[in-house]
Amino acid sequence: MINLPNFDANIFIENACDFIKEKVQNANCDGVVLGLSGGIDSAVVAYLAVKALGASNVKGYILPSKTTSQQDLVDAKLVQKELDIGGGLICIEEFHKNFLKQCDNENLPKNNLSLASANVKPRLRMTILYYYATLYRSLVIGTGNKTEINVGYFTKYGDGGVDLLPIGDLYKEDVVKVAKELGVPNSIIEKPPTAGLLPEQTDEEELGMTYPILDRLLYLYLDEKYDEEYISKELDLDISEVNRIINLNKISEHKRNTAPIFKK
(Lines give C-alpha, C1' and ligand atoms only; values in the text may rest on other atoms or scores of the structure.)
Protein backbone atom coordinates (compact mmCIF):
# COMPACT_ATOMS: atom_id res chain seq x y z
CA MET A 1 0.00 0.00 0.00
CA ILE A 2 1.17 3.54 -0.71
CA ASN A 3 2.35 5.75 2.12
CA LEU A 4 0.97 9.15 2.97
CA PRO A 5 3.51 11.96 2.55
CA ASN A 6 5.86 12.15 5.50
CA PHE A 7 5.69 15.24 7.69
CA ASP A 8 7.48 16.44 10.78
CA ALA A 9 5.02 16.16 13.65
CA ASN A 10 7.07 18.49 15.84
CA ILE A 11 7.06 21.26 13.23
CA PHE A 12 3.30 20.74 12.83
CA ILE A 13 2.80 21.07 16.59
CA GLU A 14 4.78 24.32 16.67
CA ASN A 15 2.83 25.78 13.73
CA ALA A 16 -0.53 24.59 15.05
CA CYS A 17 0.16 26.28 18.39
CA ASP A 18 0.98 29.54 16.58
CA PHE A 19 -2.28 29.15 14.63
CA ILE A 20 -4.31 28.72 17.82
CA LYS A 21 -2.66 31.71 19.52
CA GLU A 22 -3.20 33.89 16.46
CA LYS A 23 -6.89 33.03 16.14
CA VAL A 24 -7.55 33.67 19.83
CA GLN A 25 -5.69 36.98 19.77
CA ASN A 26 -7.39 38.13 16.55
CA ALA A 27 -10.79 37.48 18.09
CA ASN A 28 -9.80 39.45 21.21
CA CYS A 29 -10.54 36.37 23.30
CA ASP A 30 -8.87 34.91 26.37
CA GLY A 31 -8.80 31.23 25.52
CA VAL A 32 -10.63 28.24 24.07
CA VAL A 33 -13.36 25.81 25.04
CA LEU A 34 -13.67 22.28 23.68
CA GLY A 35 -15.60 19.08 24.14
CA LEU A 36 -13.63 16.10 25.45
CA SER A 37 -15.00 12.88 23.99
CA GLY A 38 -12.29 10.53 25.23
CA GLY A 39 -11.13 10.02 21.66
CA ILE A 40 -7.80 10.76 20.02
CA ASP A 41 -8.92 13.86 18.08
CA SER A 42 -10.23 15.81 21.07
CA ALA A 43 -7.22 14.71 23.14
CA VAL A 44 -4.76 15.99 20.52
CA VAL A 45 -6.57 19.31 20.25
CA ALA A 46 -6.65 19.68 24.05
CA TYR A 47 -2.91 19.03 24.27
CA LEU A 48 -2.23 21.52 21.46
CA ALA A 49 -4.43 24.16 23.08
CA VAL A 50 -2.70 23.85 26.43
CA LYS A 51 0.71 23.97 24.77
CA ALA A 52 -0.35 27.12 22.88
CA LEU A 53 -2.29 29.00 25.53
CA GLY A 54 -1.52 27.48 28.93
CA ALA A 55 -3.87 25.29 30.98
CA SER A 56 -5.61 28.24 32.65
CA ASN A 57 -6.91 29.43 29.26
CA VAL A 58 -8.35 26.08 28.16
CA LYS A 59 -11.69 24.63 29.33
CA GLY A 60 -12.56 21.03 28.46
CA TYR A 61 -16.11 19.77 28.95
CA ILE A 62 -17.14 16.12 29.06
CA LEU A 63 -20.70 15.88 27.70
CA PRO A 64 -21.80 12.22 27.77
CA SER A 65 -25.10 10.55 27.00
CA LYS A 66 -26.25 6.98 27.62
CA THR A 67 -24.47 5.88 24.40
CA THR A 68 -21.10 7.14 25.68
CA SER A 69 -18.91 4.20 26.66
CA GLN A 70 -17.40 3.90 30.12
CA GLN A 71 -13.92 3.80 28.58
CA ASP A 72 -14.52 7.10 26.77
CA LEU A 73 -15.55 8.68 30.07
CA VAL A 74 -12.43 7.36 31.78
CA ASP A 75 -10.20 8.63 28.97
CA ALA A 76 -11.86 12.07 28.80
CA LYS A 77 -11.34 12.50 32.57
CA LEU A 78 -7.75 11.36 32.13
CA VAL A 79 -7.11 14.17 29.62
CA GLN A 80 -8.64 16.71 32.02
CA LYS A 81 -6.40 15.44 34.82
CA GLU A 82 -3.20 15.11 32.77
CA LEU A 83 -3.54 18.64 31.40
CA ASP A 84 -4.94 20.13 34.61
CA ILE A 85 -7.61 22.05 32.73
CA GLY A 86 -10.88 23.48 33.93
CA GLY A 87 -14.29 22.50 32.64
CA GLY A 88 -16.62 19.87 33.95
CA LEU A 89 -18.93 16.97 33.21
CA ILE A 90 -22.50 17.55 32.11
CA CYS A 91 -24.67 14.62 31.11
CA ILE A 92 -26.85 15.60 28.15
CA GLU A 93 -29.18 12.58 28.38
CA GLU A 94 -32.07 14.44 30.03
CA PHE A 95 -31.68 17.40 27.64
CA HIS A 96 -31.85 14.94 24.75
CA LYS A 97 -34.90 13.13 26.11
CA ASN A 98 -36.76 16.37 26.80
CA PHE A 99 -35.94 17.72 23.35
CA LEU A 100 -37.31 14.62 21.62
CA LYS A 101 -40.38 14.63 23.88
CA GLN A 102 -41.18 18.25 22.99
CA CYS A 103 -40.74 17.54 19.28
CA ASP A 104 -42.61 14.22 19.25
CA ASN A 105 -45.52 14.00 16.84
CA GLU A 106 -47.17 10.85 15.53
CA ASN A 107 -47.38 12.41 12.08
CA LEU A 108 -43.61 12.81 11.73
CA PRO A 109 -41.91 10.66 9.06
CA LYS A 110 -40.06 7.71 10.59
CA ASN A 111 -37.46 6.97 7.89
CA ASN A 112 -34.73 9.18 9.35
CA LEU A 113 -35.86 9.21 12.97
CA SER A 114 -32.76 7.44 14.33
CA LEU A 115 -30.35 9.76 12.49
CA ALA A 116 -32.30 12.90 13.40
CA SER A 117 -32.35 11.86 17.06
CA ALA A 118 -28.63 11.02 17.11
CA ASN A 119 -27.70 14.35 15.52
CA VAL A 120 -29.45 16.25 18.29
CA LYS A 121 -26.69 15.16 20.69
CA PRO A 122 -23.76 16.97 19.03
CA ARG A 123 -25.99 20.02 18.50
CA LEU A 124 -26.81 20.10 22.20
CA ARG A 125 -23.09 19.81 22.93
CA MET A 126 -22.36 22.68 20.56
CA THR A 127 -24.90 24.86 22.39
CA ILE A 128 -23.33 24.06 25.77
CA LEU A 129 -19.81 24.77 24.51
CA TYR A 130 -20.81 28.15 23.07
CA TYR A 131 -22.56 29.01 26.33
CA TYR A 132 -19.30 28.52 28.21
CA ALA A 133 -17.25 30.11 25.45
CA THR A 134 -19.25 33.31 25.83
CA LEU A 135 -18.93 33.25 29.62
CA TYR A 136 -15.17 32.78 29.44
CA ARG A 137 -14.55 35.08 26.45
CA SER A 138 -13.28 32.12 24.49
CA LEU A 139 -13.46 30.49 21.07
CA VAL A 140 -14.84 27.00 20.54
CA ILE A 141 -11.95 24.95 19.19
CA GLY A 142 -12.93 22.09 16.90
CA THR A 143 -11.60 18.54 16.86
CA GLY A 144 -12.40 17.42 13.31
CA ASN A 145 -9.68 15.81 11.17
CA LYS A 146 -9.24 15.91 7.38
CA THR A 147 -10.48 12.37 6.80
CA GLU A 148 -13.80 12.81 8.57
CA ILE A 149 -14.37 16.36 7.39
CA ASN A 150 -13.99 15.33 3.76
CA VAL A 151 -16.54 12.52 3.88
CA GLY A 152 -18.99 14.58 5.92
CA TYR A 153 -18.57 12.36 8.97
CA PHE A 154 -19.65 15.05 11.41
CA THR A 155 -22.87 16.83 12.33
CA LYS A 156 -23.47 20.18 10.70
CA TYR A 157 -23.85 22.81 13.43
CA GLY A 158 -22.97 20.08 15.94
CA ASP A 159 -19.36 18.98 16.22
CA GLY A 160 -18.93 20.97 13.00
CA GLY A 161 -20.08 24.16 14.76
CA VAL A 162 -16.72 25.58 15.83
CA ASP A 163 -14.47 28.62 15.41
CA LEU A 164 -11.18 26.98 14.38
CA LEU A 165 -9.94 23.55 13.35
CA PRO A 166 -6.26 23.01 14.21
CA ILE A 167 -6.15 19.38 13.01
CA GLY A 168 -8.55 19.83 10.09
CA ASP A 169 -5.73 19.25 7.58
CA LEU A 170 -4.48 16.03 9.19
CA TYR A 171 -5.54 12.62 7.96
CA LYS A 172 -6.38 10.19 10.76
CA GLU A 173 -2.97 8.52 10.43
CA ASP A 174 -1.30 11.92 10.84
CA VAL A 175 -3.34 12.58 13.98
CA VAL A 176 -1.86 9.44 15.53
CA LYS A 177 1.69 10.65 14.79
CA VAL A 178 0.99 14.00 16.42
CA ALA A 179 -0.68 12.32 19.41
CA LYS A 180 2.45 10.25 20.05
CA GLU A 181 4.67 13.34 19.92
CA LEU A 182 2.39 15.21 22.33
CA GLY A 183 2.37 12.36 24.83
CA VAL A 184 -1.33 11.52 24.57
CA PRO A 185 -1.98 8.38 26.68
CA ASN A 186 -1.71 5.08 24.78
CA SER A 187 -5.15 4.00 26.00
CA ILE A 188 -6.58 6.79 23.86
CA ILE A 189 -4.28 6.37 20.85
CA GLU A 190 -4.89 2.63 20.53
CA LYS A 191 -8.66 2.66 21.12
CA PRO A 192 -11.01 2.08 18.13
CA PRO A 193 -12.49 5.51 17.23
CA THR A 194 -16.21 6.01 17.83
CA ALA A 195 -18.62 8.93 17.53
CA GLY A 196 -20.52 7.65 20.57
CA LEU A 197 -23.92 8.53 19.13
CA LEU A 198 -25.20 4.95 18.86
CA PRO A 199 -24.64 1.93 21.15
CA GLU A 200 -21.56 -0.19 20.32
CA GLN A 201 -20.82 1.96 17.26
CA THR A 202 -17.35 2.35 15.76
CA ASP A 203 -16.30 4.85 13.11
CA GLU A 204 -14.77 2.31 10.74
CA GLU A 205 -17.86 0.11 10.87
CA GLU A 206 -20.12 3.05 10.13
CA LEU A 207 -17.86 4.39 7.37
CA GLY A 208 -17.60 0.91 5.88
CA MET A 209 -13.83 1.20 5.49
CA THR A 210 -10.71 1.20 7.65
CA TYR A 211 -9.01 4.52 8.29
CA PRO A 212 -5.71 3.51 6.60
CA ILE A 213 -7.57 2.77 3.34
CA LEU A 214 -9.85 5.80 3.65
CA ASP A 215 -6.90 8.12 4.34
CA ARG A 216 -5.13 6.93 1.20
CA LEU A 217 -8.22 7.02 -0.98
CA LEU A 218 -8.88 10.63 -0.02
CA TYR A 219 -5.22 11.54 -0.39
CA LEU A 220 -5.10 10.16 -3.95
CA TYR A 221 -8.39 11.82 -4.87
CA LEU A 222 -8.12 15.20 -3.09
CA ASP A 223 -4.39 15.89 -3.03
CA GLU A 224 -3.06 13.98 -6.03
CA LYS A 225 -6.19 14.42 -8.23
CA TYR A 226 -6.21 10.83 -9.50
CA ASP A 227 -9.35 9.39 -11.08
CA GLU A 228 -11.45 6.54 -9.76
CA GLU A 229 -9.88 3.88 -11.97
CA TYR A 230 -6.35 4.69 -10.83
CA ILE A 231 -7.35 4.78 -7.16
CA SER A 232 -9.18 1.46 -7.49
CA LYS A 233 -6.09 -0.26 -8.92
CA GLU A 234 -3.61 1.42 -6.58
CA LEU A 235 -5.53 0.44 -3.44
CA ASP A 236 -6.89 -2.86 -4.78
CA LEU A 237 -10.41 -1.66 -4.07
CA ASP A 238 -13.60 -2.34 -5.96
CA ILE A 239 -14.37 0.77 -7.99
CA SER A 240 -17.86 0.89 -6.47
CA GLU A 241 -16.24 1.51 -3.08
CA VAL A 242 -14.05 4.26 -4.51
CA ASN A 243 -17.11 5.89 -6.07
CA ARG A 244 -19.04 5.58 -2.80
CA ILE A 245 -16.41 7.55 -0.88
CA ILE A 246 -16.02 10.15 -3.64
CA ASN A 247 -19.79 10.58 -3.62
CA LEU A 248 -19.71 11.12 0.16
CA ASN A 249 -17.16 13.86 -0.43
CA LYS A 250 -19.33 15.55 -3.05
CA ILE A 251 -22.69 15.40 -1.28
CA SER A 252 -21.17 16.66 2.01
CA GLU A 253 -19.70 19.80 0.45
CA HIS A 254 -22.48 21.92 1.96
CA LYS A 255 -21.35 20.82 5.43
CA ARG A 256 -17.84 22.20 4.88
CA ASN A 257 -18.91 25.57 3.44
CA THR A 258 -20.66 28.55 4.93
CA ALA A 259 -24.24 29.02 3.80
CA PRO A 260 -24.38 30.31 0.21
CA ILE A 261 -25.60 33.89 -0.14
CA PHE A 262 -27.69 34.75 -3.17
CA LYS A 263 -26.27 37.85 -4.86
CA LYS A 264 -28.81 40.44 -5.92
# chains A, B, ... in the order shown; residues from 1 in each chain; ligands from 1
$ closest_atom_pairs --of "range 35-75 of chain A" --to "range 155-172 of chain A" --cutoff "10 Å" --atoms "only C-alpha atoms" --output "Markdown table"
| residue | atom | partner | partner_atom | distance |
| --- | --- | --- | --- | --- |
| A:Gly35 | CA | A:Asp159 | CA | 8.8 |
| A:Ile40 | CA | A:Lys172 | CA | 9.4 |
| A:Asp41 | CA | A:Ile167 | CA | 8.0 |
| A:Ser42 | CA | A:Ile167 | CA | 9.7 |
| A:Val44 | CA | A:Ile167 | CA | 8.4 |
| A:Val45 | CA | A:Pro166 | CA | 7.1 |
| A:Leu48 | CA | A:Pro166 | CA | 8.4 |
| A:Ala49 | CA | A:Pro166 | CA | 9.1 |
$ residues_around --residues "Asp215 in chain A" --least-positions-apart "6" --cutoff "10 Å" --atoms "only C-alpha atoms" --output "PyMOL selection string"
chain A and resi 3-4+146-148+170-174+209
$ select_by_dssp --residues "range 205-261 of chain A" --states "alpha helix (DSSP H)" --output "ChimeraX atom specification"
/A:205-207,211-218,228-235,239-251,253-256
$ residues_around --residues "Tyr61 in chain A" --least-positions-apart "3" --cutoff "7 Å" --atoms "only C-alpha atoms" --output "list in words"
Leu34, Gly35, Leu36, Gly87, Gly88 and Leu89 of chain A
$ closest_atom_pairs --of "range 6-63 of chain A" --to "range 112-136 of chain A" --cutoff "10 Å" --atoms "only C-alpha atoms" --output "Markdown table"
| residue | atom | partner | partner_atom | distance |
| --- | --- | --- | --- | --- |
| A:Cys29 | CA | A:Tyr136 | CA | 8.5 |
| A:Asp30 | CA | A:Tyr136 | CA | 7.3 |
| A:Gly31 | CA | A:Tyr136 | CA | 7.6 |
| A:Val32 | CA | A:Ala133 | CA | 7.0 |
| A:Val33 | CA | A:Ala133 | CA | 5.8 |
| A:Leu34 | CA | A:Leu129 | CA | 6.7 |
| A:Gly35 | CA | A:Leu129 | CA | 7.1 |
| A:Asn57 | CA | A:Tyr136 | CA | 8.9 |
| A:Val58 | CA | A:Tyr136 | CA | 9.6 |
| A:Lys59 | CA | A:Tyr132 | CA | 8.6 |
| A:Gly60 | CA | A:Leu129 | CA | 9.1 |
| A:Tyr61 | CA | A:Leu129 | CA | 7.6 |
| A:Ile62 | CA | A:Arg125 | CA | 9.3 |
| A:Leu63 | CA | A:Arg125 | CA | 6.6 |
$ write_last_selection --atoms "N, CA, C and O atoms" --output "CSV table (one decimal), in the first residue's frame"
chain,number,residue,atom,x,y,z
A,29,CYS,N,-10.1,37.3,22.3
A,29,CYS,CA,-10.5,36.4,23.3
A,29,CYS,C,-9.4,36.0,24.3
A,29,CYS,O,-8.3,36.3,24.1
A,30,ASP,N,-9.8,35.3,25.3
A,30,ASP,CA,-8.9,34.9,26.4
A,30,ASP,C,-8.4,33.5,26.3
A,30,ASP,O,-7.3,33.1,26.8
A,31,GLY,N,-9.2,32.6,25.6
A,31,GLY,CA,-8.8,31.2,25.5
A,31,GLY,C,-9.7,30.4,24.6
A,31,GLY,O,-10.4,31.0,23.7
A,32,VAL,N,-9.8,29.1,24.9
A,32,VAL,CA,-10.6,28.2,24.1
A,32,VAL,C,-11.4,27.3,25.0
A,32,VAL,O,-11.0,27.0,26.1
A,33,VAL,N,-12.5,26.8,24.4
A,33,VAL,CA,-13.4,25.8,25.0
A,33,VAL,C,-13.5,24.7,24.1
A,33,VAL,O,-13.6,24.9,22.8
A,34,LEU,N,-13.5,23.4,24.6
A,34,LEU,CA,-13.7,22.3,23.7
A,34,LEU,C,-14.4,21.2,24.4
A,34,LEU,O,-14.4,21.1,25.6
A,35,GLY,N,-15.0,20.3,23.6
A,35,GLY,CA,-15.6,19.1,24.1
A,35,GLY,C,-14.6,17.9,24.2
A,35,GLY,O,-13.9,17.7,23.2
A,57,ASN,N,-6.1,28.8,30.3
A,57,ASN,CA,-6.9,29.4,29.3
A,57,ASN,C,-7.6,28.4,28.4
A,57,ASN,O,-8.1,28.7,27.3
A,58,VAL,N,-7.7,27.2,28.9
A,58,VAL,CA,-8.4,26.1,28.2
A,58,VAL,C,-9.4,25.4,29.1
A,58,VAL,O,-9.1,25.1,30.2
A,59,LYS,N,-10.6,25.3,28.6
A,59,LYS,CA,-11.7,24.6,29.3
A,59,LYS,C,-12.1,23.4,28.5
A,59,LYS,O,-12.5,23.5,27.3
A,60,GLY,N,-12.1,22.3,29.1
A,60,GLY,CA,-12.6,21.0,28.5
A,60,GLY,C,-13.8,20.4,29.1
A,60,GLY,O,-13.7,20.1,30.3
A,61,TYR,N,-14.9,20.3,28.4
A,61,TYR,CA,-16.1,19.8,29.0
A,61,TYR,C,-16.4,18.4,28.4
A,61,TYR,O,-16.3,18.1,27.2
A,62,ILE,N,-16.7,17.5,29.4
A,62,ILE,CA,-17.1,16.1,29.1
A,62,ILE,C,-18.7,16.1,29.0
A,62,ILE,O,-19.3,16.5,30.0
A,63,LEU,N,-19.3,15.7,27.9
A,63,LEU,CA,-20.7,15.9,27.7
A,63,LEU,C,-21.3,14.5,27.3
A,63,LEU,O,-21.8,14.4,26.1
$ atom_distance --atom1 "CA of Tyr219 in chain A" --atom2 "CA of Ser232 in chain A"
13.0 Å
$ atom_distance --atom1 "CA of Leu100 in chain A" --atom2 "CA of Pro64 in chain A"
16.9 Å
$ select_by_dssp --residues "range 50-236 of chain A" --states "strand (DSSP E)" --output "list in words"
Val58, Lys59, Gly60, Tyr61, Ile62, Gly86, Gly87, Gly88, Leu89, Ser138, Leu139 and Val140 of chain A
$ residues_around --residues "Met1 in chain A" --least-positions-apart "6" --cutoff "9 Å" --atoms "only C-alpha atoms" --output "VMD selection string"
chain A and resid 213 216 234 to 236
$ closest_residue --among "A:Val242, A:Val24, A:Ile13, A:Ala43" --to "Leu220 in chain A" --atoms "only C-alpha atoms"
A:Val242
$ atom_distance --atom1 "CA of Glu181 in chain A" --atom2 "CA of Tyr211 in chain A"
20.0 Å
